[in-house]
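Structure file data.csv; described as CSV, C-alpha atoms.
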chain,number,residue,atom,x,y,z
A,1,MET,CA,-17.9,-63.6,-6.5
A,2,LYS,CA,-15.3,-64.2,-9.1
A,3,HIS,CA,-15.7,-60.8,-10.7
A,4,ARG,CA,-15.2,-58.7,-7.5
A,5,PRO,CA,-11.3,-58.7,-7.6
A,6,MET,CA,-11.4,-57.7,-11.2
A,7,ARG,CA,-13.6,-54.7,-10.4
A,8,ALA,CA,-11.4,-53.7,-7.5
A,9,ILE,CA,-8.4,-53.7,-9.8
A,10,SER,CA,-10.2,-51.7,-12.5
A,11,LEU,CA,-11.1,-49.0,-10.0
A,12,LEU,CA,-7.6,-48.9,-8.5
A,13,PHE,CA,-5.8,-48.6,-11.8
A,14,PRO,CA,-7.1,-45.1,-12.8
A,15,ALA,CA,-6.4,-43.9,-9.3
A,16,LEU,CA,-2.8,-45.0,-9.6
A,17,VAL,CA,-2.5,-43.3,-13.0
A,18,LEU,CA,-3.9,-40.1,-11.7
A,19,SER,CA,-1.6,-40.2,-8.7
A,20,GLY,CA,1.4,-40.8,-11.0
A,21,CYS,CA,0.5,-37.9,-13.2
A,22,GLN,CA,0.3,-35.6,-10.2
A,23,LEU,CA,3.7,-36.7,-9.1
A,24,LEU,CA,5.2,-36.1,-12.5
A,25,ARG,CA,3.6,-32.6,-12.6
A,26,GLY,CA,4.9,-31.6,-9.2
A,27,PRO,CA,3.3,-29.1,-6.8
A,28,GLU,CA,1.2,-26.3,-8.2
A,29,PRO,CA,3.3,-23.1,-8.4
A,30,SER,CA,2.4,-20.5,-5.8
A,31,ALA,CA,2.3,-16.8,-6.3
A,32,PRO,CA,5.4,-14.9,-5.1
A,33,ALA,CA,4.9,-13.5,-1.5
A,34,THR,CA,4.5,-9.8,-1.2
A,35,ALA,CA,5.8,-7.5,1.5
A,36,ARG,CA,5.7,-3.8,2.3
A,37,TRP,CA,8.7,-1.9,1.2
A,38,GLN,CA,9.7,1.7,1.8
A,39,GLY,CA,12.6,3.6,0.2
A,40,THR,CA,13.8,5.9,-2.5
A,41,ILE,CA,13.7,5.3,-6.3
A,42,ARG,CA,15.8,6.7,-9.0
A,43,VAL,CA,14.5,6.7,-12.6
A,44,ALA,CA,16.7,6.7,-15.7
A,45,GLY,CA,14.7,6.4,-18.8
A,46,ASP,CA,12.4,3.4,-18.4
A,47,GLN,CA,14.5,1.8,-15.7
A,48,ALA,CA,14.0,2.3,-11.9
A,49,ARG,CA,16.3,1.4,-9.0
A,50,PHE,CA,14.9,1.1,-5.5
A,51,THR,CA,17.0,1.5,-2.3
A,52,PRO,CA,15.2,0.5,0.9
A,53,CYS,CA,15.1,3.0,3.8
A,54,HIS,CA,18.4,3.2,5.7
A,55,GLU,CA,20.0,0.4,3.6
A,56,ALA,CA,22.7,0.3,0.9
A,57,ARG,CA,21.1,-2.5,-1.1
A,58,GLN,CA,19.7,-1.7,-4.6
A,59,PHE,CA,17.0,-3.5,-6.5
A,60,SER,CA,15.8,-3.2,-10.0
A,61,LEU,CA,12.1,-2.3,-9.9
A,62,ALA,CA,9.4,-3.1,-12.4
A,63,LEU,CA,6.7,-0.4,-12.4
A,64,PRO,CA,3.5,-0.1,-14.4
A,65,ARG,CA,3.8,2.7,-17.1
A,66,PRO,CA,1.5,5.2,-15.3
A,67,VAL,CA,3.4,4.9,-12.0
A,68,LEU,CA,6.8,5.2,-13.9
A,69,GLU,CA,5.6,8.3,-15.6
A,70,SER,CA,4.4,9.8,-12.3
A,71,ALA,CA,7.8,9.0,-10.7
A,72,GLN,CA,9.6,10.7,-13.6
A,73,ALA,CA,7.5,13.8,-13.1
A,74,LEU,CA,8.0,14.0,-9.4
A,75,ALA,CA,11.7,13.3,-9.8
A,76,ARG,CA,12.3,16.5,-11.9
A,77,GLY,CA,14.8,18.6,-10.0
A,78,ARG,CA,15.3,15.9,-7.3
A,79,ASP,CA,17.9,13.1,-6.8
A,80,SER,CA,15.1,10.6,-5.9
A,81,VAL,CA,11.5,10.2,-4.9
A,82,PHE,CA,10.0,8.2,-2.0
A,83,LEU,CA,8.1,5.1,-2.6
A,84,ASP,CA,5.9,3.1,-0.2
A,85,MET,CA,4.6,-0.1,-1.7
A,86,HIS,CA,3.7,-3.8,-1.6
A,87,ALA,CA,6.0,-5.7,-3.9
A,88,SER,CA,7.2,-9.3,-4.6
A,89,GLN,CA,10.9,-10.1,-4.7
A,90,ARG,CA,12.8,-12.2,-7.3
A,91,GLU,CA,16.4,-13.1,-8.0
A,92,ALA,CA,18.6,-10.3,-9.4
A,93,GLU,CA,17.9,-9.7,-13.1
A,94,VAL,CA,20.2,-6.7,-13.6
A,95,ALA,CA,24.0,-6.8,-12.9
A,96,GLY,CA,25.0,-4.8,-9.9
A,97,THR,CA,21.7,-5.2,-8.1
A,98,ASP,CA,20.7,-7.2,-5.0
A,99,GLY,CA,17.5,-8.5,-6.5
A,100,ALA,CA,14.4,-7.5,-8.4
A,101,LEU,CA,11.1,-6.2,-7.2
A,102,GLN,CA,7.7,-6.2,-8.8
A,103,LEU,CA,5.3,-3.6,-7.5
A,104,THR,CA,1.9,-5.1,-6.7
A,105,THR,CA,0.2,-2.2,-4.8
A,106,LEU,CA,1.3,1.5,-4.7
A,107,LEU,CA,0.7,2.9,-1.2
A,108,ARG,CA,2.4,6.3,-1.6
A,109,LEU,CA,4.7,8.0,-4.1
A,110,GLN,CA,6.0,11.4,-3.1
A,111,GLY,CA,8.6,13.9,-4.1
A,112,GLU,CA,8.6,16.0,-0.9
A,113,GLY,CA,8.0,15.3,2.8
A,114,HIS,CA,9.7,13.3,5.6
A,115,ALA,CA,9.9,10.1,3.5
A,116,CYS,CA,11.9,7.4,5.4
A,117,ASP,CA,11.9,9.5,8.6
A,118,GLU,CA,8.2,10.4,9.0
A,119,PRO,CA,7.6,11.2,12.7
A,120,GLY,CA,5.3,8.8,14.5
A,121,PHE,CA,4.8,6.6,11.4
A,122,ALA,CA,5.2,3.3,13.2
A,123,ARG,CA,2.2,3.9,15.5
A,124,LEU,CA,-0.1,5.3,12.8
A,125,LEU,CA,-3.0,3.3,11.4
A,126,LEU,CA,-3.8,6.0,8.8
A,127,ARG,CA,-2.8,9.5,7.8
A,128,ALA,CA,-5.1,11.7,5.7
A,129,SER,CA,-4.6,15.2,4.4
A,130,GLY,CA,-5.9,17.8,2.0
A,131,ALA,CA,-5.3,21.3,0.6
A,132,GLU,CA,-7.2,24.5,0.0
A,133,PRO,CA,-7.8,24.7,2.9
A,134,ASP,CA,-5.0,22.6,4.4
A,135,TRP,CA,-5.8,19.9,6.9
A,136,SER,CA,-4.2,16.8,8.3
A,137,LEU,CA,-5.8,13.9,10.3
A,138,GLU,CA,-3.7,11.2,12.0
A,139,VAL,CA,-5.5,8.0,13.2
A,140,SER,CA,-3.8,5.7,15.7
A,141,ALA,CA,-5.0,3.1,18.3
A,142,ARG,CA,-5.1,5.9,20.8
A,143,GLY,CA,-7.3,8.4,18.9
A,144,MET,CA,-7.3,10.9,16.1
A,145,LEU,CA,-5.2,14.1,15.9
A,146,LEU,CA,-6.7,16.9,13.7
A,147,GLU,CA,-4.3,19.7,12.6
A,148,ARG,CA,-5.3,22.9,10.7
A,149,PRO,CA,-3.2,26.0,10.0
A,150,GLY,CA,-3.7,28.7,12.7
A,151,GLN,CA,-5.3,26.3,15.1
A,152,ALA,CA,-4.0,24.2,17.9
A,153,PRO,CA,-3.8,20.4,17.2
A,154,LEU,CA,-7.0,18.7,18.4
A,155,ALA,CA,-6.9,15.2,19.9
A,156,LEU,CA,-10.2,13.2,19.6
A,157,PRO,CA,-11.5,9.8,20.5
A,158,TYR,CA,-13.2,8.0,17.6
A,159,LEU,CA,-15.5,5.2,16.5
A,160,THR,CA,-14.7,3.3,13.3
A,161,GLU,CA,-16.8,1.3,10.9
A,162,GLN,CA,-15.8,-1.0,8.1
A,163,LEU,CA,-17.8,-0.4,5.0
A,164,PRO,CA,-18.4,-2.5,1.8
A,165,GLY,CA,-15.7,-2.4,-0.8
A,166,GLY,CA,-12.9,-1.9,1.7
A,167,ALA,CA,-14.0,1.7,2.6
A,168,ARG,CA,-13.8,2.8,6.3
A,169,HIS,CA,-15.6,5.5,8.3
A,170,PHE,CA,-14.2,7.3,11.3
A,171,SER,CA,-16.3,9.6,13.5
A,172,SER,CA,-15.9,11.7,16.6
A,173,GLU,CA,-17.9,14.3,18.6
A,174,ALA,CA,-16.0,16.4,21.1
A,175,ASN,CA,-15.6,20.1,22.0
A,176,ASP,CA,-18.7,21.1,20.0
A,177,LEU,CA,-17.1,19.6,16.9
A,178,ARG,CA,-18.4,16.7,14.8
A,179,VAL,CA,-15.6,15.0,12.7
A,180,GLU,CA,-16.2,12.4,10.1
A,181,LEU,CA,-13.6,10.8,7.8
A,182,TRP,CA,-14.5,8.5,4.9
A,183,VAL,CA,-11.6,6.6,3.4
A,184,ALA,CA,-11.9,4.5,0.2
A,185,PRO,CA,-9.5,2.3,-1.8
A,186,GLN,CA,-9.1,4.6,-4.8
A,187,PRO,CA,-6.0,6.1,-6.4
A,188,CYS,CA,-5.6,9.7,-5.3
A,189,GLU,CA,-3.3,12.6,-6.1
A,190,HIS,CA,-2.8,15.3,-3.5
A,191,SER,CA,-3.7,18.6,-5.1
A,192,ALA,CA,-0.8,20.6,-3.6
A,193,SER,CA,2.1,18.2,-3.4
A,194,GLY,CA,1.4,15.8,-6.3
A,195,THR,CA,1.8,12.9,-3.9
A,196,LEU,CA,0.1,9.7,-5.1
A,197,SER,CA,-1.5,7.4,-2.7
A,198,ASN,CA,-3.9,4.4,-2.7
A,199,LEU,CA,-6.7,5.9,-0.7
A,200,SER,CA,-9.1,8.8,-1.3
A,201,ALA,CA,-10.3,10.7,1.8
A,202,ARG,CA,-13.3,13.0,2.6
A,203,LEU,CA,-13.3,14.9,5.8
A,204,THR,CA,-16.5,16.6,7.2
A,205,LEU,CA,-16.2,19.2,10.0
A,206,ASN,CA,-19.6,20.3,11.4
A,207,GLY,CA,-21.1,19.8,7.9
A,208,GLU,CA,-18.3,21.3,5.9
A,209,THR,CA,-16.8,18.7,3.5
A,210,LEU,CA,-13.1,18.7,2.5
A,211,SER,CA,-11.4,16.3,0.1
A,212,GLY,CA,-8.0,14.8,0.3
A,213,CYS,CA,-5.9,11.6,0.1
A,214,ALA,CA,-4.7,9.0,2.7
A,215,TYR,CA,-2.3,6.2,3.1
A,216,PRO,CA,-1.9,3.4,5.7
A,217,GLY,CA,0.6,3.9,8.6
A,218,GLY,CA,3.1,1.5,10.0
A,219,ALA,CA,0.6,0.0,12.5
A,220,SER,CA,-1.9,-0.9,9.7
A,221,ASP,CA,-2.4,-4.4,8.3
A,222,ASP,CA,-2.8,-2.9,4.8
As C-alpha cells:
Amino acid sequence: MKHRPMRAISLLFPALVLSGCQLLRGPEPSAPATARWQGTIRVAGDQARFTPCHEARQFSLALPRPVLESAQALARGRDSVFLDMHASQREAEVAGTDGALQLTTLLRLQGEGHACDEPGFARLLLRASGAEPDWSLEVSARGMLLERPGQAPLALPYLTEQLPGGARHFSSEANDLRVELWVAPQPCEHSASGTLSNLSARLTLNGETLSGCAYPGGASDD
C-alpha cells in the first residue's frame, strides 16, 4: 500500500513531460490550402505573372520547368496565355505583386480559345475534344452534347461509371449511335491547338475510336 502513490507519480511524470514538449513544439504545420484559379499568365524569362480572370490583381507564379517551357512556347506571338489550375497562395514575394501562387495541378494551359469567357463553362462537368477528325463532347448534369464538323449538334442522355485510378467512363445509346467516352488522369497535349490539359480522352462512335484531351468544367469537383 505504501508504494502505490510512488507508482502513480512515476507514471504521471512522463506524461507531463510529453505534454510539455508538445506545448513547446506547437501545432503541426498544415499544408497550404489549394483552390482553383483561372486567368492569364505572362512569361518573361523564367518568371511568370498571373492575373485572375476579370481582375486587376497580379501574382508571381511558381511553375515546374516543363510547364514554364510549354507556356513560353504557347506565348510566342501572343501577349499572354490562359491557365486553369489548382494552386496554393502565399504572401507576396515579389515587389509590385498581390501575392504568390504555387501551381499544384495543371488543369489547362492554352494559347487560343475562349479562355476566361468560355460559353457554358459554369454548368459543365467535363469538356473533351480531339482533332483529325475534329470532335467535341460536352458533359453536364443534363446530358452530353456531341459536335462534329458538318453535322448538327447531338444531345444525348448518358450513364457514367467511376473506374480505378481516377478514370471515368461515359456511355450513351440513342438515334442508332453508340457513344462511349473514356477519360483518364494523364497529361495530354491537343494535337491541333497545342493546349495542355490534365486528362486524356478516348471517344468511340459505333466502334470507331478517336483520341483527344479533356479538362474539368466549372461544375466539377476536380
Legend entry - Proximity to Met144 (chain A) - best of A:Glu161, A:Glu173, A:Glu132, A:Glu189, all atoms listed in the file: A:Glu173
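Shortest separation to Ala201 (chain A) among A:Gly130, A:Gly99, A:Gly39, A:Pro164 occurs at residue A:Gly130, atoms counted being all atoms listed in the file.
Nearest to Ala214 (chain A) of all the residues A:Leu159, A:Ala62, A:Leu196, A:Leu74 is A:Leu196, counting only C-alpha atoms.
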Select, counting only C-alpha atoms, all protein, DNA and RNA residues no farther than 12 Å from (-4.7, 23.9, 10.1) in file coordinates, and express the selection as a short mmCIF file (atom, residue, chain, number, x, y, z; two decimals) with C-alpha atoms, in the frame of the given file.
data_model
loop_
_atom_site.label_atom_id
_atom_site.label_comp_id
_atom_site.auth_asym_id
_atom_site.auth_seq_id
_atom_site.Cartn_x
_atom_site.Cartn_y
_atom_site.Cartn_z
CA SER A 129 -4.60 15.20 4.40
CA GLY A 130 -5.90 17.80 2.00
CA ALA A 131 -5.30 21.30 0.60
CA GLU A 132 -7.20 24.50 0.00
CA PRO A 133 -7.80 24.70 2.90
CA ASP A 134 -5.00 22.60 4.40
CA TRP A 135 -5.80 19.90 6.90
CA SER A 136 -4.20 16.80 8.30
CA LEU A 137 -5.80 13.90 10.30
CA LEU A 145 -5.20 14.10 15.90
CA LEU A 146 -6.70 16.90 13.70
CA GLU A 147 -4.30 19.70 12.60
CA ARG A 148 -5.30 22.90 10.70
CA PRO A 149 -3.20 26.00 10.00
CA GLY A 150 -3.70 28.70 12.70
CA GLN A 151 -5.30 26.30 15.10
CA ALA A 152 -4.00 24.20 17.90
CA PRO A 153 -3.80 20.40 17.20
CA LEU A 154 -7.00 18.70 18.40
#
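The space separating CA of Arg42 (chain A) from CA of Leu106 (chain A) comes to 16.0 Å.
Between CA of Glu112 (chain A) and CA of Arg78 (chain A) the interatomic distance comes to 9.3 Å.
Ranking A:Ser60, A:Gln162, A:Thr34, A:Asn198 by their shortest atom-to-atom distance to Ala92 (chain A), with only C-alpha atoms included, puts A:Ser60 first.
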